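A short write-up of the structure that comes next.
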Amino acid sequence: MELTAGHVWLMVAAALVLFMTPGLAFFYGGMTRAKAALNMMMMSFISIGMVGVVWVLWGASMSSGDGFLQIVGNPFATFGLEGIDTPDGLIKVGYASTFAIITVALISGAIADRAKFGAWSVFVPVWVTLVYCPLAYMVWGGGLFGPEGAVGQALGPAIDFAGGTVVHINAGVAALILVLIIGNRKGFGKDPNHRPHNVPFVMLGAAILWFGWFGFNGGAATTAEQGGLIWVNTLAAPAAAMLGWLITERIRDGHPTSLGAASGVVAGLVAITPACANVSPVGALGLGVVAGVASALAVGLKFRWGFDDSLDVVGVHLVSGIIGTVALGFIALPADGVGGGLFYGGGLAQLWAQLAAAGIAIAYSAILTVIIALAIHKTMGFRVSQEQEVVGVDLSLHAETAYEFGVGGHGGSFQPLHDLITGNAPTSGTDTPPAAGAPAKGAPEEKKETASGKESVGA
């Protein structure tokens, strides 16, 4: 088969979407404390590795083809991509894999600073297999919500062009479940150190996400007209959402913030994802404003309700994902002059379909995530010890620090964690130098806590 312009565009779009996950690593990494930045970024990177393997072996097969009860495809139908040997088929598999990767990576921001890396590495492939793949099949693989599916036949097909239910509602619900099971960070709502340590990283990450999102939304465009509409809507909605978030901050807090600008962009991108090919540019502007304001208000609920959604996955992805999905019941453009949302004279049919899709996605993701998370939490444990959390998960889990402060930064070769905390000299037989500020061997020990210990706790 000759390589066509459509093939090339889909490969470029897939590369753009894959690039979004490193962008997410910067976005999330900058929002954590300095002593957890590397761990946060690693949670995104390990998602690429884990899901990349799962998708080749059975993930792609589970999300397409002949299904079981319209819920999930046969994992053995094309196991290891056996039988998928056309350029068109392989390129589509590659494109679809990038959606699965970033969906599970999104969840990690809710449990920043306190999750075991090993537990997360088990959660990723299991959750993608049991939660993401079935939902992808239900929406895009000819399952429950499609034209031939039970829900599609009863209420009409739900619109989800690029992942409002499959990606954002799914990830937002899973994030909330993990937070409730794992619990809050030490000092949540009280410790002023629970603040982003590198806002430029956050803004850089948001910019990469916005850049990649043109492939996320536009990769599946089938005509030039549809591609143009998607591109403009992917510009308009996050732009309006950013303004909506900043105005909300200005009215509520007295000042707009860089963090708010970055978060507003992401909220708008989330909201336009399911609707990018089915609303007008003016509709995209309105949708963006609503999403920006709603998510700006929603992120504060975690303090009122007492759940530690560390990096606002629930407030941004779940809230704006629901808004974008349900809004199609009101503002979806008619297709070939018929149907459409309530505001275009289409009646309530599309609204019921969108509400059903959102509700079923929420219920399915919540139930399966509870089962998976509790199984991991009750066996290997999902949360680090309090000592590891206080010292920082970068040092305690990876034996590294993101920054060299001159008093104990490490990358690769490292001094034992106990020595960093106590300031004790290394045991004989090692050539590791004493921690900065520690007494020389044989000198009287004046105090146990060293500068490196203080830095690791307070950073």
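The chains in the structure tokens are called A, B, ... from first to last as shown; in each chain the residues are counted from 1, and the ligands are counted from 1 in the order shown.
The list of residues with at least one atom within 6 Å of segment 156-169 of chain A, based on only C-alpha atoms and without residues fewer than 4 positions apart in the same chain, reads Thr103, Leu135, Ala136, Phe145, Gly146, Pro147, Gly152, Asn217, Thr273, Pro274, His317, Leu318, Gly321, Thr325, Ala353 and Gln354 of chain A.
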Please dump the current selection as a PDB file, in the first residue's frame; keep N, CA and C atoms.
```pdb
ATOM      1  N   THR A 103      -3.849   8.807  29.153  1.00  0.00           N
ATOM      2  CA  THR A 103      -5.003   8.691  30.046  1.00  0.00           C
ATOM      3  C   THR A 103      -4.581   8.214  31.428  1.00  0.00           C
ATOM      4  N   LEU A 135     -13.621   0.717  27.974  1.00  0.00           N
ATOM      5  CA  LEU A 135     -14.311   1.971  27.665  1.00  0.00           C
ATOM      6  C   LEU A 135     -14.002   2.440  26.250  1.00  0.00           C
ATOM      7  N   ALA A 136     -12.746   2.278  25.822  1.00  0.00           N
ATOM      8  CA  ALA A 136     -12.393   2.638  24.447  1.00  0.00           C
ATOM      9  C   ALA A 136     -13.194   1.806  23.458  1.00  0.00           C
ATOM     10  N   PHE A 145     -21.856   2.158  23.145  1.00  0.00           N
ATOM     11  CA  PHE A 145     -22.320   3.501  22.808  1.00  0.00           C
ATOM     12  C   PHE A 145     -22.361   3.776  21.316  1.00  0.00           C
ATOM     13  N   GLY A 146     -21.899   2.833  20.508  1.00  0.00           N
ATOM     14  CA  GLY A 146     -21.863   3.035  19.064  1.00  0.00           C
ATOM     15  C   GLY A 146     -23.233   2.904  18.423  1.00  0.00           C
ATOM     16  N   PRO A 147     -23.317   3.139  17.121  1.00  0.00           N
ATOM     17  CA  PRO A 147     -24.608   3.077  16.421  1.00  0.00           C
ATOM     18  C   PRO A 147     -25.297   1.722  16.541  1.00  0.00           C
ATOM     19  N   GLY A 152     -26.570   2.957  22.129  1.00  0.00           N
ATOM     20  CA  GLY A 152     -26.699   3.702  20.874  1.00  0.00           C
ATOM     21  C   GLY A 152     -28.035   3.462  20.201  1.00  0.00           C
ATOM     22  N   ASN A 217      -6.739  15.929  19.025  1.00  0.00           N
ATOM     23  CA  ASN A 217      -8.081  16.164  18.488  1.00  0.00           C
ATOM     24  C   ASN A 217      -8.150  15.967  16.982  1.00  0.00           C
ATOM     25  N   THR A 273     -12.293  18.411  23.904  1.00  0.00           N
ATOM     26  CA  THR A 273     -11.881  17.112  23.369  1.00  0.00           C
ATOM     27  C   THR A 273     -13.043  16.309  22.788  1.00  0.00           C
ATOM     28  N   PRO A 274     -14.132  16.070  23.515  1.00  0.00           N
ATOM     29  CA  PRO A 274     -15.214  15.288  22.909  1.00  0.00           C
ATOM     30  C   PRO A 274     -15.979  16.040  21.839  1.00  0.00           C
ATOM     31  N   HIS A 317      -9.933  17.610  35.049  1.00  0.00           N
ATOM     32  CA  HIS A 317     -10.253  16.598  34.043  1.00  0.00           C
ATOM     33  C   HIS A 317     -11.651  16.015  34.215  1.00  0.00           C
ATOM     34  N   LEU A 318     -12.036  15.713  35.433  1.00  0.00           N
ATOM     35  CA  LEU A 318     -13.382  15.173  35.627  1.00  0.00           C
ATOM     36  C   LEU A 318     -14.437  16.245  35.372  1.00  0.00           C
ATOM     37  N   GLY A 321     -14.274  17.462  31.737  1.00  0.00           N
ATOM     38  CA  GLY A 321     -14.651  16.347  30.877  1.00  0.00           C
ATOM     39  C   GLY A 321     -16.154  16.139  30.850  1.00  0.00           C
ATOM     40  N   THR A 325     -18.618  16.817  27.563  1.00  0.00           N
ATOM     41  CA  THR A 325     -19.441  15.705  27.088  1.00  0.00           C
ATOM     42  C   THR A 325     -20.925  16.054  27.100  1.00  0.00           C
ATOM     43  N   ALA A 353     -28.383  10.874  25.291  1.00  0.00           N
ATOM     44  CA  ALA A 353     -27.262  10.008  24.908  1.00  0.00           C
ATOM     45  C   ALA A 353     -25.978  10.434  25.601  1.00  0.00           C
ATOM     46  N   GLN A 354     -25.744  11.741  25.674  1.00  0.00           N
ATOM     47  CA  GLN A 354     -24.513  12.238  26.316  1.00  0.00           C
ATOM     48  C   GLN A 354     -24.544  11.975  27.820  1.00  0.00           C
TER      49      GLN A 354
END
```
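Within 8 Å of Trp213 of chain A, once only C-alpha atoms are used and residues closer than 4 positions along the same chain are dropped, the contacting residues are Leu16, Val17, Met20, Leu209, Asn217, Gly218, Thr234 and Leu269 of chain A.
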Quick one: write out the picked residues with N, CA, C and O atoms as an mmCIF file, in the first residue's frame?
```cif
data_model
loop_
_atom_site.group_PDB
_atom_site.id
_atom_site.type_symbol
_atom_site.label_atom_id
_atom_site.label_comp_id
_atom_site.auth_asym_id
_atom_site.auth_seq_id
_atom_site.Cartn_x
_atom_site.Cartn_y
_atom_site.Cartn_z
ATOM 1 N N LEU A 16 2.675 13.712 18.009
ATOM 2 C CA LEU A 16 2.260 14.860 18.815
ATOM 3 C C LEU A 16 1.606 14.405 20.111
ATOM 4 O O LEU A 16 1.876 14.959 21.188
ATOM 5 N N VAL A 17 0.753 13.389 20.030
ATOM 6 C CA VAL A 17 0.069 12.916 21.229
ATOM 7 C C VAL A 17 1.059 12.239 22.175
ATOM 8 O O VAL A 17 0.980 12.405 23.391
ATOM 9 N N MET A 20 2.820 14.647 24.259
ATOM 10 C CA MET A 20 2.026 15.226 25.338
ATOM 11 C C MET A 20 2.356 14.611 26.698
ATOM 12 O O MET A 20 2.256 15.298 27.720
ATOM 13 N N LEU A 209 1.439 20.489 26.066
ATOM 14 C CA LEU A 209 0.140 19.832 25.991
ATOM 15 C C LEU A 209 -0.741 20.476 24.922
ATOM 16 O O LEU A 209 -1.374 19.780 24.115
ATOM 17 N N ASN A 217 -6.739 15.929 19.025
ATOM 18 C CA ASN A 217 -8.081 16.164 18.488
ATOM 19 C C ASN A 217 -8.150 15.967 16.982
ATOM 20 O O ASN A 217 -9.142 15.476 16.451
ATOM 21 N N GLY A 218 -7.105 16.376 16.277
ATOM 22 C CA GLY A 218 -7.172 16.435 14.818
ATOM 23 C C GLY A 218 -6.729 15.194 14.090
ATOM 24 O O GLY A 218 -6.929 15.088 12.874
ATOM 25 N N THR A 234 -9.734 23.820 18.738
ATOM 26 C CA THR A 234 -8.680 23.480 19.696
ATOM 27 C C THR A 234 -7.858 24.709 20.066
ATOM 28 O O THR A 234 -7.168 24.710 21.088
ATOM 29 N N LEU A 269 -8.879 22.617 26.971
ATOM 30 C CA LEU A 269 -8.519 21.501 26.095
ATOM 31 C C LEU A 269 -9.327 20.253 26.444
ATOM 32 O O LEU A 269 -9.773 19.511 25.561
#
```
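The smallest atom-to-atom distance between Phe123 of chain A and any of A:Ser108, A:Thr257, A:Ser385, A:Asn184, using only C-alpha atoms, is found for A:Ser108.
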Surrounding residues of segment 27-32 of chain A excluding itself and chain neighbours under 3 positions, 10 Å, only C-alpha atoms, as a ChimeraX atom specification: /A:21-24,35-44,106,108-110,112-113,193-209,259,262-263,310-312,402
Keeping only C-alpha atoms, write the selected residues as an mmCIF file, in the first residue's frame.
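Below you can see again21.cif, which holds the result:
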```cif
data_model
loop_
_atom_site.group_PDB
_atom_site.id
_atom_site.type_symbol
_atom_site.label_atom_id
_atom_site.label_comp_id
_atom_site.auth_asym_id
_atom_site.auth_seq_id
_atom_site.Cartn_x
_atom_site.Cartn_y
_atom_site.Cartn_z
ATOM 1 C CA THR A 21 3.014 12.724 28.040
ATOM 2 C CA PRO A 22 6.504 14.242 28.566
ATOM 3 C CA GLY A 23 4.676 17.589 28.508
ATOM 4 C CA LEU A 24 2.408 16.286 31.247
ATOM 5 C CA LYS A 35 11.604 16.735 46.745
ATOM 6 C CA ALA A 36 8.956 14.894 44.678
ATOM 7 C CA ALA A 37 9.529 16.317 41.184
ATOM 8 C CA LEU A 38 11.463 13.377 39.738
ATOM 9 C CA ASN A 39 9.044 10.813 41.099
ATOM 10 C CA MET A 40 6.147 12.727 39.575
ATOM 11 C CA MET A 41 7.840 12.827 36.183
ATOM 12 C CA MET A 42 8.787 9.157 36.428
ATOM 13 C CA MET A 43 5.131 8.227 36.942
ATOM 14 C CA SER A 44 4.413 9.659 33.492
ATOM 15 C CA LEU A 106 -3.199 11.857 33.957
ATOM 16 C CA SER A 108 -0.879 10.165 38.688
ATOM 17 C CA GLY A 109 -1.204 13.869 39.490
ATOM 18 C CA ALA A 110 -3.900 13.188 42.088
ATOM 19 C CA ALA A 112 1.595 13.062 43.999
ATOM 20 C CA ASP A 113 4.146 12.924 46.840
ATOM 21 C CA ASN A 193 5.127 24.037 51.563
ATOM 22 C CA HIS A 194 2.487 22.148 49.550
ATOM 23 C CA ARG A 195 2.928 24.533 46.655
ATOM 24 C CA PRO A 196 4.311 24.255 43.114
ATOM 25 C CA HIS A 197 8.095 24.457 43.223
ATOM 26 C CA ASN A 198 8.634 25.433 39.557
ATOM 27 C CA VAL A 199 5.840 27.372 37.858
ATOM 28 C CA PRO A 200 7.872 27.877 34.631
ATOM 29 C CA PHE A 201 7.888 24.065 34.295
ATOM 30 C CA VAL A 202 4.113 24.113 34.700
ATOM 31 C CA MET A 203 3.702 26.682 31.935
ATOM 32 C CA LEU A 204 6.137 24.834 29.678
ATOM 33 C CA GLY A 205 4.203 21.628 30.237
ATOM 34 C CA ALA A 206 0.890 23.350 29.463
ATOM 35 C CA ALA A 207 2.370 24.737 26.234
ATOM 36 C CA ILE A 208 3.553 21.260 25.163
ATOM 37 C CA LEU A 209 0.140 19.832 25.991
ATOM 38 C CA LEU A 259 -0.606 28.615 37.478
ATOM 39 C CA ALA A 262 -1.762 27.072 32.606
ATOM 40 C CA SER A 263 -4.595 25.243 34.359
ATOM 41 C CA SER A 310 -2.756 16.954 44.812
ATOM 42 C CA LEU A 311 -2.575 18.433 41.306
ATOM 43 C CA ASP A 312 -6.293 19.001 40.614
ATOM 44 C CA ALA A 402 15.954 16.945 41.050
#
```
Who sits within 8 Å of Pro134 of chain A, only C-alpha atoms, same chain under 5 positions skipped, as a PyMOL selection string: chain A and resi 62-63+71-73+129
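By only C-alpha atoms, and with residues fewer than 3 positions from Asp191 of chain A along its chain excluded, the set lying at most 12 Å from it is Arg33, Arg185, Lys186, Gly187, Phe188, His194, Arg195, Val390 and Gly458 of chain A.
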Could you write those residues out with N, CA, C and O atoms, as a PDB file, in the first residue's frame?
```pdb
ATOM      1  N   ARG A  33       6.229  19.547  45.085  1.00  0.00           N
ATOM      2  CA  ARG A  33       7.362  20.074  45.828  1.00  0.00           C
ATOM      3  C   ARG A  33       8.658  19.586  45.198  1.00  0.00           C
ATOM      4  O   ARG A  33       8.679  18.572  44.488  1.00  0.00           O
ATOM      5  N   ARG A 185      -2.038  13.718  51.947  1.00  0.00           N
ATOM      6  CA  ARG A 185      -0.644  13.932  52.330  1.00  0.00           C
ATOM      7  C   ARG A 185      -0.561  14.489  53.754  1.00  0.00           C
ATOM      8  O   ARG A 185      -1.495  15.145  54.232  1.00  0.00           O
ATOM      9  N   LYS A 186       0.552  14.249  54.378  1.00  0.00           N
ATOM     10  CA  LYS A 186       0.802  14.834  55.696  1.00  0.00           C
ATOM     11  C   LYS A 186       0.824  16.362  55.553  1.00  0.00           C
ATOM     12  O   LYS A 186       1.537  16.914  54.720  1.00  0.00           O
ATOM     13  N   GLY A 187       0.004  17.030  56.353  1.00  0.00           N
ATOM     14  CA  GLY A 187      -0.051  18.490  56.317  1.00  0.00           C
ATOM     15  C   GLY A 187      -0.967  19.060  55.257  1.00  0.00           C
ATOM     16  O   GLY A 187      -0.966  20.274  55.031  1.00  0.00           O
ATOM     17  N   PHE A 188      -1.779  18.228  54.594  1.00  0.00           N
ATOM     18  CA  PHE A 188      -2.673  18.725  53.550  1.00  0.00           C
ATOM     19  C   PHE A 188      -3.596  19.814  54.103  1.00  0.00           C
ATOM     20  O   PHE A 188      -4.236  19.651  55.133  1.00  0.00           O
ATOM     21  N   HIS A 194       3.183  22.904  50.588  1.00  0.00           N
ATOM     22  CA  HIS A 194       2.487  22.148  49.550  1.00  0.00           C
ATOM     23  C   HIS A 194       2.121  23.094  48.411  1.00  0.00           C
ATOM     24  O   HIS A 194       0.941  23.346  48.136  1.00  0.00           O
ATOM     25  N   ARG A 195       3.141  23.593  47.749  1.00  0.00           N
ATOM     26  CA  ARG A 195       2.928  24.533  46.655  1.00  0.00           C
ATOM     27  C   ARG A 195       3.809  24.136  45.480  1.00  0.00           C
ATOM     28  O   ARG A 195       4.825  23.451  45.663  1.00  0.00           O
ATOM     29  N   VAL A 390       8.042  12.392  54.294  1.00  0.00           N
ATOM     30  CA  VAL A 390       8.644  13.608  54.847  1.00  0.00           C
ATOM     31  C   VAL A 390      10.003  13.884  54.206  1.00  0.00           C
ATOM     32  O   VAL A 390      10.311  15.021  53.837  1.00  0.00           O
ATOM     33  N   GLY A 458      12.289  20.110  54.032  1.00  0.00           N
ATOM     34  CA  GLY A 458      11.599  21.364  53.756  1.00  0.00           C
ATOM     35  C   GLY A 458      11.453  21.698  52.301  1.00  0.00           C
ATOM     36  O   GLY A 458      10.686  22.575  51.942  1.00  0.00           O
TER      37      GLY A 458
END
```
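If you look at atom CA of Met1 of chain A and atom CA of Val93 of chain A, they are 16.7 Å away from each other.
Nearest-residue note for Phe343 of chain A: choosing from A:Val279, A:Ala296, A:Leu368, A:Met50, the minimum distance belongs to A:Val279, counting only C-alpha atoms.
Non-sequential neighbours of Thr369 of chain A (distance at most 8 Å, separation of 2 or more positions within a chain, only C-alpha atoms) are Trp127, Val131, Ala174, Ile177, Leu178, Ser365, Ala366, Ile367, Ile371, Ile372 and Ala373 of chain A.
The gap separating atom CA of Gly219 of chain A from atom CA of Leu351 of chain A is 25.8 Å, in Å to one decimal.
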